[in-house]
Structures are given as structure tokens and as C-alpha cells.
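Okay, structure first, notes after.
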Amino acid sequence: MRVIGLMSGTSYDAIDAAAADLRLDGDSLVLRPLGMVGDAYGAEVREALAAALPPAATTLAEVCRLDTLIGQAFAATALRADRELCDGRAELVASHGQTVYHWADGGRVRGTLQIGQPAWIAEATGLPVVADLRPRDIAAGGQGAPLVSLVDLLWLRGRPGTPVALNLGGIANLTAPDGTAFDTGPAGALIDAAVHHFTGRVYDTDGALAARGTVHEPLLRRLLDEPYYALPAPKTTGKELFHRDYLLAVLATLADPAVLATPAVAVEPAAAPAAPAAPAATTAPTDIGALAHQDVIATLTRLTARTVADAVRSVGATEVIASGGGTRNPVLMAMLAEELPGVPLHTSDALGLPAAAKEAYAFAVLGFLTLHGLAGTDPRSTGARHPSVLGSVTPGRDGLPRVPRGLKQPVRLVIG
């Protein structure tokens, strides 16, 4: 079955689509990658989304508007993926949608909301659409995340040692072979927030700003005091916690110039990226006391590396296989390697899944499992009471495809 997986993460910069030919072969699920495409959100959608996300206030009217606009954007990307990757012969779309709120309270997740109305995708493509994948696991007592954990467990099964799958998006998450899976904390979320606040840009291209800064130890220590890092797994988080105002509040606690003037630790990336163009015009300050914005960004990059490395060590990892947009930041990857001496660090490309599209492929797998009545979760990873068949299905132009039932749950994912 040819399946298109659609994904937009917590960085909400673009929609990724990956197409895969999927089939069950005994107890294996075989995935043949067909390629990926990506479309950036239009300025109108991105600006409206940014204005509506926590900690900002919004209205139900705006949520309805965004649900429609994002659904239409996902539909356009799905059409493109079907045309360019599947020769117009896709059979199913699995859409993660756009997370706008993840309701975590005292270590328990009470609800989650992903928008991007799947009816627009079904109407545009004529294909059935599996969407709204997270709530079923939450209803079963789970965290609803990280949902890619089941795919990681199938994919890494049989690999020697203790390989850990790591995703570096807006939020970082990992999966270990024993089923342990959790969000480690921010990957790009706070870095992106600082870059946008200080320069007006969307993210730190090639880690260039971090490479020009120095890590400020008092700020790093203050950031590491965040209680989330000490919570036991399973746990999930999002931009409901790690956002611009959170960062500014932490910086305000270090507003004493004498504190900010404390000598900093130099960043030494493996290879310094090219210097960026002049920052875009902004009304935001470029310095806080004696701490330049490049130093803030370098410190936040070190925060991501440190908290990820702490999480990796906690599960006894012998190997890290990374994916997500953060793998394109050479400063972050160099810091992570420095924090994990002796632990090999690869990207998922080495195992056949492009790092930029791994999550989109994972949601294609979850959609396939749902359509075949198979579970898409492992309770060890999400903390749920039992495995669940995920999501809701919107019929295509011809209804739902006929698929066999009573199939055996796969125990491994084979790329080929």
C-alpha cells in the first residue's frame, strides 16, 4: 500500500510529506521509501499560528480559521506528494496535523489538540485520511507522545547494544529498546524563540549565531533548574512550557550586570559555519546587560545538548541515531557529541530513513497500522493502560479501501 505521511512539528515552519510503499510480511512490516517533499507555511498561516499559540490568547473563531487554513495547506502538500512521489497512485494519507496545545498537568496529560481539518485532505486527494492520532492513547491513560516510539522500537529491534532513537525538533524526544520513551525537553524551541526575539529570523541557520557566541554558565545553570528535567518517564512537554516568555523570565532573574559579566565558556564547534547575513531589523534589544544575544543562543544550544545527553545516559545508550531538523545544526551536533564521549552519534540516514523525513515516515506507518486495525502504541513508551489503534479515519472519494483483518501485529520494521 502506498501511504503518504504528513507532519508539521512544534517549530511550525513547514509541512513535510514522505511517501512509502508499506506491506506486511509475516511478523515484519516492510517500508520502501519513495521520497519526500516539503512546503513552507505561507506567511499568513505562519503569522496567524504564531499569534495564537501559548502563551498568547486566542479565540474559537481563530482556531476555526486556522483549522481550515492548515487543513488546506496539508491538502496541497498531500496532492503534491501523490503527484511527485506516487505517480498519482497513493492509497492512504496519514496526517499528524499541527499541534496547538498539549495539556500536561502534574506529570499527567489530560488532552491534546492537533488541527488541520482532514476533510480538506480527503476532498482534495480523493483518498482516505487517518488523522487525530494522539487522543486515543491519552484516553487510555497515556501521554499521547512520543508517538514515533512504536516505530522506533520496531525499527531498532535486533540492533546490538542499547541503541537510542533521538528526534531533534522543536522538542527533543528519545526511544530506548526497553520501551522507555519521553520528551527530554527543548531541542529547537528555545533556540528559535531567542533567534526570533533578538534578530527577527525564524531559526539559527547552520548554528551560525551560536558559533559566534559563548556559553554563559550562570544562565545555563539557571535554565537547568527547570523541574521538568527531573520528572520520571514517561513524560511529555511542548511550547506550552518552553516559549519566548519563559526564556525572558529566566533572563530577567539574571538581570544584574555583575552576574551577567561572569566569564563565559567558549563554544568550539567541530567546524565553524559561515557567518550569517546581517540580522533582520527588529525592535527587540540585541543585548541583555553584558550578555550578547549570540551568547544567549549559544547557551540555549548547550542546554539542548546537555539535557539530551543527560537523558541518553539515563537509559544506558551505547549508540544514538538522530533525526529531525536539529541534525542540520552543526554546532548543536558538535555539542551533543562532546556531551556524549564514547557514544557513537549517527543520523537516521545511515539506517535508511532520511533524518529530515523520519517523523513523516513514522506517521505513514501509524496510518497504515490504523487502517489495518493494528495498534500504533506500546504502553511501555506512553504509560497507557494498553496498546491502542489510533486515530479517526475520514473516507476518501470511494469510501474506505478493503483490507484484511485479524492480521498479526508486526514486531520489526524493515527498510528496503
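Labels for the C-alpha cells follow display order: chains A, B, ..., residues from 1 in each chain, ligands from 1.
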
Tell me, counting only C-alpha atoms, for each residue of range 179-236 of chain A within 9 Å of range 381-403 of chain A, which pair of atoms is nearest and how far apart they are in Å to one decimal, in rows ordered by chain and increasing number, as JSON lines.
{"residue": "A:Gly179", "atom": "CA", "partner": "A:Ser381", "partner_atom": "CA", "distance": 5.1}
{"residue": "A:Thr180", "atom": "CA", "partner": "A:Ser381", "partner_atom": "CA", "distance": 5.0}
{"residue": "A:Ala181", "atom": "CA", "partner": "A:Ser381", "partner_atom": "CA", "distance": 4.7}
{"residue": "A:Phe182", "atom": "CA", "partner": "A:Ser381", "partner_atom": "CA", "distance": 7.2}
{"residue": "A:Ala233", "atom": "CA", "partner": "A:Gly383", "partner_atom": "CA", "distance": 8.4}
{"residue": "A:Pro234", "atom": "CA", "partner": "A:Thr382", "partner_atom": "CA", "distance": 5.9}
{"residue": "A:Lys235", "atom": "CA", "partner": "A:Thr382", "partner_atom": "CA", "distance": 7.9}

inquiry  = List as a count of residues only the protein and nucleic acid residues near range 146-154 of chain A, meaning an atom at most 8 Å away when only C-alpha atoms are counted, but skip any in the same chain fewer than 4 places from it.
reply    = 26

query = Near range 342-346 of chain A, counting only C-alpha atoms, which residues have an atom at most 8 Å away, once you skip same-chain residues fewer than 6 positions from it, shown as number ranges by chain?
reply = A: 317-322

With N, CA, C and O atoms retained, export the selected residues as a CSV table (one decimal), in the first residue's frame.
chain,number,residue,atom,x,y,z
A,317,ALA,N,22.5,4.3,26.9
A,317,ALA,CA,22.6,4.1,25.5
A,317,ALA,C,24.1,3.8,25.1
A,317,ALA,O,25.0,4.4,25.6
A,318,THR,N,24.2,2.9,24.1
A,318,THR,CA,25.5,2.6,23.5
A,318,THR,C,25.7,3.3,22.1
A,318,THR,O,26.7,3.2,21.5
A,319,GLU,N,24.6,3.8,21.6
A,319,GLU,CA,24.6,4.4,20.3
A,319,GLU,C,23.3,5.3,20.2
A,319,GLU,O,22.3,5.0,20.7
A,320,VAL,N,23.5,6.5,19.5
A,320,VAL,CA,22.4,7.4,19.3
A,320,VAL,C,22.2,7.6,17.8
A,320,VAL,O,23.1,7.9,17.1
A,321,ILE,N,20.9,7.4,17.4
A,321,ILE,CA,20.6,7.6,16.0
A,321,ILE,C,19.6,8.7,15.9
A,321,ILE,O,18.5,8.6,16.4
A,322,ALA,N,20.1,9.9,15.4
A,322,ALA,CA,19.3,11.1,15.5
A,322,ALA,C,18.6,11.5,14.2
A,322,ALA,O,19.1,11.1,13.1

ask   = Among range 57-251 of chain A, which residues carry a DSSP assignment of alpha helix (DSSP H), reported as number ranges by chain?
value = A: 60-85, 118-125, 135-139, 149-156, 189-199, 208-211, 217-224, 244-251

task = Measure the distance from CA of His216 in chain A to CA of Ala172 in chain A in Å and round it to one decimal.
result = 22.0 Å

inquiry  = I'd like to know which of A:Tyr246, A:Trp155, A:Trp120, A:Tyr41 is closest to Leu353 in chain A, using only C-alpha atoms.
reply    = A:Trp155

inquiry  = as number ranges by chain, please: the residues near Val3 in chain A (cut-off 12 Å, only C-alpha atoms, same-chain neighbours under 2 positions excluded).
reply    = A: 1, 5-6, 17-23, 31-36, 78, 81-82, 85-86, 88-95, 127-130, 360-371

Point-to-point distance in Å for CA of Leu49 in chain A and CA of Asn167 in chain A =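 Spanning CA of Asn167 in chain A to CA of Leu49 in chain A is a straight-line distance of 22.9 Å.
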
inquiry  = My list of candidates is A:Ile121, A:His96, A:Arg83, A:Leu248. Which is closest to Gly71 in chain A when distances are computed with only C-alpha atoms?
reply    = A:Ile121

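Considering only C-alpha atoms, the residue among A:Gly38, A:Gly324, A:Pro118, A:Gly111 positioned nearest to Gly141 in chain A is A:Gly111.
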
inquiry  = What's the separation between CA of Ala298 in chain A and CA of Ala14 in chain A, in Å to one decimal place?
reply    =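 Between CA of Ala298 in chain A and CA of Ala14 in chain A the gap is 24.4 Å.
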
ask   = Which is closest to Ala122 in chain A among A:Gly406, A:Ala75, A:Gly326, A:Arg313, if we use only C-alpha atoms?
value =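 Of all the options, A:Ala75 lies closest to Ala122 in chain A.
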